[in-house]
$ cat model38.cif   # mmCIF, C-alpha atoms
data_coords
#
loop_
_atom_site.group_PDB
_atom_site.id
_atom_site.type_symbol
_atom_site.label_atom_id
_atom_site.label_comp_id
_atom_site.auth_asym_id
_atom_site.auth_seq_id
_atom_site.Cartn_x
_atom_site.Cartn_y
_atom_site.Cartn_z
ATOM 1 C CA ALA A 240 29.377 17.744 -13.245
ATOM 2 C CA GLU A 241 31.015 17.521 -16.650
ATOM 3 C CA ASN A 242 30.750 13.740 -16.712
ATOM 4 C CA LYS A 243 27.019 13.795 -15.942
ATOM 5 C CA PRO A 244 24.557 13.214 -18.802
ATOM 6 C CA ASN A 245 23.620 16.444 -20.550
ATOM 7 C CA HIS A 246 20.280 17.649 -21.807
ATOM 8 C CA ALA A 247 17.842 16.017 -19.389
ATOM 9 C CA MET A 248 14.324 16.297 -20.823
ATOM 10 C CA HIS A 249 10.847 16.316 -19.333
ATOM 11 C CA VAL A 250 7.319 16.527 -20.777
ATOM 12 C CA HIS A 251 5.251 18.864 -18.597
ATOM 13 C CA SER A 252 1.464 19.170 -18.213
ATOM 14 C CA ASP A 253 1.443 22.030 -20.780
ATOM 15 C CA ASN A 254 2.425 19.467 -23.484
ATOM 16 C CA LYS A 255 5.870 20.987 -23.965
ATOM 17 C CA LEU A 256 9.103 19.023 -23.914
ATOM 18 C CA TYR A 257 11.543 20.965 -21.711
ATOM 19 C CA ILE A 258 15.274 20.466 -22.291
ATOM 20 C CA CYS A 259 18.177 21.335 -19.971
ATOM 21 C CA ASP A 260 21.240 22.880 -21.612
ATOM 22 C CA PHE A 261 24.501 24.593 -20.639
ATOM 23 C CA ALA A 262 26.073 27.106 -23.023
ATOM 24 C CA SER A 263 28.799 29.726 -22.517
ATOM 25 C CA GLY A 264 28.899 29.108 -18.760
ATOM 26 C CA GLN A 265 25.160 29.493 -18.182
ATOM 27 C CA GLY A 266 22.357 27.002 -17.697
ATOM 28 C CA VAL A 267 19.332 27.463 -19.922
ATOM 29 C CA ILE A 268 16.015 25.706 -20.425
ATOM 30 C CA HIS A 269 14.508 25.294 -23.915
ATOM 31 C CA PHE A 270 11.184 23.793 -24.906
ATOM 32 C CA ILE A 271 9.683 22.129 -27.940
ATOM 33 C CA ARG A 272 5.975 22.072 -28.678
ATOM 34 C CA THR A 273 4.581 20.507 -31.828
ATOM 35 C CA THR A 274 1.159 19.933 -33.304
ATOM 36 C CA ALA A 275 -0.261 16.421 -33.729
ATOM 37 C CA ALA A 276 1.069 16.535 -37.290
ATOM 38 C CA GLY A 277 4.589 17.307 -36.032
ATOM 39 C CA ALA A 278 4.742 20.969 -37.070
ATOM 40 C CA ASN A 279 6.430 23.521 -34.802
ATOM 41 C CA ASP A 280 3.832 25.089 -32.498
ATOM 42 C CA GLY A 281 5.774 27.714 -30.542
ATOM 43 C CA SER A 282 9.075 26.056 -29.630
ATOM 44 C CA THR A 283 11.444 28.389 -27.768
ATOM 45 C CA TYR A 284 15.204 28.370 -27.454
ATOM 46 C CA ASN A 285 16.425 29.813 -24.141
ATOM 47 C CA ALA A 286 13.014 30.065 -22.432
ATOM 48 C CA LEU A 287 14.698 30.363 -19.004
ATOM 49 C CA ASP A 288 18.173 31.475 -17.933
ATOM 50 C CA LEU A 289 19.684 30.197 -14.683
ATOM 51 C CA PRO A 290 22.303 32.268 -12.832
ATOM 52 C CA PHE A 291 25.765 32.174 -14.414
ATOM 53 C CA GLY A 292 27.703 28.992 -13.658
ATOM 54 C CA TYR A 293 24.713 26.798 -12.779
ATOM 55 C CA ARG A 294 24.481 23.643 -14.907
ATOM 56 C CA PRO A 295 20.942 22.179 -14.991
ATOM 57 C CA ILE A 296 21.094 18.493 -14.089
ATOM 58 C CA ASP A 297 17.438 17.397 -14.009
ATOM 59 C CA ILE A 298 13.955 18.823 -14.507
ATOM 60 C CA GLU A 299 10.623 17.618 -13.102
ATOM 61 C CA SER A 300 7.010 18.785 -12.796
ATOM 62 C CA TRP A 301 5.994 20.244 -9.440
ATOM 63 C CA GLY A 302 2.253 20.824 -9.764
ATOM 64 C CA ASN A 303 1.825 23.367 -12.570
ATOM 65 C CA ASP A 304 5.416 24.545 -12.127
ATOM 66 C CA LEU A 305 8.780 23.066 -13.046
ATOM 67 C CA ALA A 306 11.516 22.155 -10.568
ATOM 68 C CA ILE A 307 15.073 22.352 -11.919
ATOM 69 C CA LEU A 308 18.052 20.848 -10.065
ATOM 70 C CA ALA A 309 21.293 22.634 -10.973
ATOM 71 C CA THR A 310 24.901 22.421 -9.800
ATOM 72 C CA ARG A 311 27.435 25.255 -9.852
ATOM 73 C CA GLY A 312 31.209 25.020 -10.111
ATOM 74 C CA VAL A 313 31.699 21.259 -10.262
ATOM 75 C CA ASN A 314 33.970 19.406 -12.652
ATOM 76 C CA ALA A 315 35.666 16.027 -12.711
ATOM 77 C CA ASN A 316 38.717 17.342 -10.802
ATOM 78 C CA MET A 317 37.278 19.714 -8.211
ATOM 79 C CA VAL A 318 34.127 20.042 -6.136
ATOM 80 C CA GLN A 319 33.820 23.715 -5.266
ATOM 81 C CA GLY A 320 30.225 24.603 -5.864
ATOM 82 C CA ARG A 321 26.796 24.005 -4.528
ATOM 83 C CA THR A 322 23.512 22.640 -5.728
ATOM 84 C CA SER A 323 20.278 24.590 -5.920
ATOM 85 C CA LEU A 324 16.661 23.811 -6.685
ATOM 86 C CA PHE A 325 14.957 26.383 -8.926
ATOM 87 C CA LEU A 326 11.164 26.694 -9.228
ATOM 88 C CA TRP A 327 9.631 28.239 -12.351
ATOM 89 C CA ASP A 328 6.006 28.775 -13.373
ATOM 90 C CA THR A 329 6.900 28.217 -17.099
ATOM 91 C CA THR A 330 5.399 31.561 -18.183
ATOM 92 C CA SER A 331 7.464 34.162 -16.322
ATOM 93 C CA ASP A 332 10.771 35.448 -17.663
ATOM 94 C CA SER A 333 12.628 34.063 -14.645
ATOM 95 C CA PHE A 334 12.384 31.463 -11.895
ATOM 96 C CA TYR A 335 10.556 32.589 -8.741
ATOM 97 C CA ARG A 336 12.528 30.679 -6.118
ATOM 98 C CA GLN A 337 16.082 29.398 -5.617
ATOM 99 C CA ILE A 338 16.586 26.944 -2.751
ATOM 100 C CA ASP A 339 20.213 26.200 -1.850
ATOM 101 C CA ILE A 340 21.032 22.600 -0.969
ATOM 102 C CA GLN A 341 24.000 21.655 1.184
ATOM 103 C CA ASP A 342 25.626 19.176 -1.221
ATOM 104 C CA PRO A 343 27.988 20.069 -4.091
ATOM 105 C CA VAL A 344 26.571 17.644 -6.702
ATOM 106 C CA GLY A 345 23.004 17.280 -7.936
ATOM 107 C CA GLY A 346 21.784 13.962 -9.267
ATOM 108 C CA ALA A 347 18.082 13.603 -9.959
ATOM 109 C CA LEU A 348 14.567 14.770 -9.107
ATOM 110 C CA LEU A 349 11.470 12.620 -8.632
ATOM 111 C CA SER A 350 7.931 13.938 -8.199
ATOM 112 C CA HIS A 351 5.774 11.216 -6.633
ATOM 113 C CA ASN A 352 2.599 11.181 -4.498
ATOM 114 C CA GLY A 353 2.668 14.962 -4.085
ATOM 115 C CA ARG A 354 6.272 15.015 -2.871
ATOM 116 C CA LEU A 355 9.398 16.241 -4.659
ATOM 117 C CA PHE A 356 12.404 14.008 -3.905
ATOM 118 C CA ILE A 357 15.892 15.411 -4.439
ATOM 119 C CA PHE A 358 19.006 13.254 -4.888
ATOM 120 C CA THR A 359 22.323 15.009 -4.160
ATOM 121 C CA GLY A 360 25.730 14.223 -2.672
ATOM 122 C CA GLY A 361 29.423 14.210 -3.520
ATOM 123 C CA MET A 362 31.216 13.054 -6.665
ATOM 124 C CA ASN A 363 31.738 9.473 -5.436
ATOM 125 C CA ASN A 364 31.280 9.623 -1.697
ATOM 126 C CA GLY A 365 27.647 9.376 -0.751
ATOM 127 C CA VAL A 366 24.112 10.221 -1.714
ATOM 128 C CA ARG A 367 21.525 12.236 0.199
ATOM 129 C CA VAL A 368 17.812 11.714 -0.406
ATOM 130 C CA SER A 369 15.824 14.799 0.541
ATOM 131 C CA VAL A 370 12.297 16.061 0.097
ATOM 132 C CA TYR A 371 11.173 19.602 -0.729
ATOM 133 C CA GLU A 372 8.927 20.839 2.116
ATOM 134 C CA GLY A 373 7.754 24.088 0.503
ATOM 135 C CA GLY A 374 9.031 27.639 0.780
ATOM 136 C CA TYR A 375 12.806 27.443 1.194
ATOM 137 C CA SER A 376 12.823 24.179 3.185
ATOM 138 C CA VAL A 377 14.416 20.874 2.188
ATOM 139 C CA SER A 378 14.525 17.970 4.674
ATOM 140 C CA THR A 379 16.949 15.040 4.581
ATOM 141 C CA LEU A 380 15.215 11.648 4.519
ATOM 142 C CA ASN A 381 18.331 9.498 4.400
ATOM 143 C CA VAL A 382 22.069 9.526 3.656
ATOM 144 C CA ILE A 383 24.008 6.616 2.176
ATOM 145 C CA GLN A 384 27.736 6.882 2.864
ATOM 146 C CA GLU A 385 28.689 4.987 -0.280
ATOM 147 C CA SER A 386 27.361 5.295 -3.835
ATOM 148 C CA ALA A 387 26.861 8.588 -5.688
ATOM 149 C CA PRO A 388 23.824 10.645 -6.651
ATOM 150 C CA PRO A 389 21.812 8.809 -9.338
ATOM 151 C CA PHE A 390 21.634 10.176 -12.862
ATOM 152 C CA PRO A 391 18.406 11.764 -14.135
ATOM 153 C CA GLY A 392 15.998 8.995 -15.079
ATOM 154 C CA ALA A 393 17.681 6.467 -12.760
ATOM 155 C CA VAL A 394 14.951 7.013 -10.147
ATOM 156 C CA ALA A 395 11.466 5.511 -9.916
ATOM 157 C CA ALA A 396 8.685 4.933 -7.406
ATOM 158 C CA THR A 397 5.782 2.662 -6.666
ATOM 159 C CA GLY A 398 3.435 3.125 -3.739
ATOM 160 C CA GLU A 399 5.485 4.645 -0.917
ATOM 161 C CA ARG A 400 8.778 3.088 -2.050
ATOM 162 C CA ILE A 401 11.351 4.906 -4.177
ATOM 163 C CA PHE A 402 14.153 3.216 -6.117
ATOM 164 C CA PHE A 403 17.397 4.612 -7.476
ATOM 165 C CA GLY A 404 20.541 3.358 -9.132
ATOM 166 C CA GLY A 405 23.931 3.398 -7.447
ATOM 167 C CA PHE A 406 26.692 1.125 -6.219
ATOM 168 C CA THR A 407 27.986 -0.574 -3.096
ATOM 169 C CA GLN A 408 31.575 -1.050 -2.003
ATOM 170 C CA TYR A 409 31.116 -3.516 0.842
ATOM 171 C CA PRO A 410 31.273 -6.459 0.920
ATOM 172 C CA PHE A 411 31.911 -6.267 -2.860
ATOM 173 C CA ASP A 412 32.113 -3.515 -5.485
ATOM 174 C CA THR A 413 28.800 -3.927 -7.297
ATOM 175 C CA ALA A 414 26.172 -1.971 -9.171
ATOM 176 C CA SER A 415 23.054 -1.671 -7.018
ATOM 177 C CA VAL A 416 19.457 -0.588 -6.982
ATOM 178 C CA TRP A 417 18.669 1.113 -3.686
ATOM 179 C CA ALA A 418 15.121 1.110 -2.303
ATOM 180 C CA MET A 419 13.857 3.496 0.334
ATOM 181 C CA GLY A 420 10.649 3.073 2.301
ATOM 182 C CA TYR A 421 8.777 -0.072 3.157
ATOM 183 C CA ARG A 422 5.180 -0.097 4.317
ATOM 184 C CA ASP A 423 4.599 3.639 4.393
ATOM 185 C CA ARG A 424 6.408 6.894 3.700
ATOM 186 C CA PHE A 425 7.438 7.300 7.346
ATOM 187 C CA ASP A 426 9.603 4.170 7.331
ATOM 188 C CA PRO A 427 13.118 5.472 6.608
ATOM 189 C CA ALA A 428 14.596 2.048 5.783
ATOM 190 C CA ILE A 429 17.184 1.931 3.010
ATOM 191 C CA HIS A 430 17.826 -1.443 1.391
#

$ encode --input "model38.cif" --output "structure tokens"
Amino acid sequence: AENKPNHAMHVHSDNKLYICDFASGQGVIHFIRTTAAGANDGSTYNALDLPFGYRPIDIESWGNDLAILATRGVNANMVQGRTSLFLWDTTSDSFYRQIDIQDPVGGALLSHNGRLFIFTGGMNNGVRVSVYEGGYSVSTLNVIQESAPPFPGAVAATGERIFFGGFTQYPFDTASVWAMGYRDRFDPAIH
């Protein structure tokens, strides 16, 4: 969405800093690689193009590949698009997989303990926490009816518990940190 932070960045295992961007209606991914002395060592503008209209929201490592969460056709006044997860091997000219997600707004990605968590939802009416299952499959772990998808970087994990920023409306309007999971990854508790 237009009011989301722009230019999410991520350092991948290939020692490149990948940067999300949106220019002339198209999402693009750039990267910067420098030597230890700080000299340019093969930085590339526009290393990956997303389909027209998709705005990259967050980027995360998925093994040797990159996962990119992007939203299409969303602005502050209208939710008309959809969110997709793109997988890219970082060397090919294009992504190799696009997985459509049922929510119109993307929030954040989190790679933890071999799982890729996806945070999506509506503009201000709920957040869905999902996990990428491989292939073209995404499974919902939990849905919170209030709050909104967290911004990139507003997610963290320790052990089998994941944390993310949001808000509550009942019993009071407050900023919140949500926690999901308790003793193991199969406990779906949201606190």

$ resolve_selection --input "model38.cif" --expression "the PyMOL selection byres ((chain A and resi 328) around 7)" --output "ChimeraX atom specification"
/A:303-305,326-327,329-331

$ residues_around --input "model38.cif" --residues "A:Ala396" --least-positions-apart "3" --cutoff "10 Å" --atoms "all atoms listed in the file" --output "list in words"
Leu349, Ser350, His351, Asn352, Glu399, Arg400, Ile401, Phe402, Phe403, Ala418 and Met419 of chain A

$ resolve_selection --input "model38.cif" --expression "the PyMOL selection byres ((chain A and resi 358) around 7)" --output "ChimeraX atom specification"
/A:345-348,356-357,359,366-369,388-389

$ atom_distance --input "model38.cif" --atom1 "atom CA of A:Ala247" --atom2 "atom CA of A:Pro290"
18.1 Å

$ atom_distance --input "model38.cif" --atom1 "atom CA of A:Ser386" --atom2 "atom CA of A:Pro343"
14.8 Å

$ resolve_selection --input "model38.cif" --expression "the PyMOL selection byres ((chain A and resi 404) around 7)" --output "PyMOL selection string"
chain A and resi 389+393-394+403+405+415-417

$ residues_near_point --input "model38.cif" --point "(14.0, 26.3, -0.1)" --cutoff "6 Å" --atoms "only C-alpha atoms" --output "PyMOL selection string"
chain A and resi 338+374-377

$ write_last_selection --input "model38.cif" --atoms "C-alpha atoms" --output "mmCIF file, in the coordinates of the input"
data_model
loop_
_atom_site.group_PDB
_atom_site.id
_atom_site.type_symbol
_atom_site.label_atom_id
_atom_site.label_comp_id
_atom_site.auth_asym_id
_atom_site.auth_seq_id
_atom_site.Cartn_x
_atom_site.Cartn_y
_atom_site.Cartn_z
ATOM 1 C CA ILE A 338 16.586 26.944 -2.751
ATOM 2 C CA GLY A 374 9.031 27.639 0.780
ATOM 3 C CA TYR A 375 12.806 27.443 1.194
ATOM 4 C CA SER A 376 12.823 24.179 3.185
ATOM 5 C CA VAL A 377 14.416 20.874 2.188
#
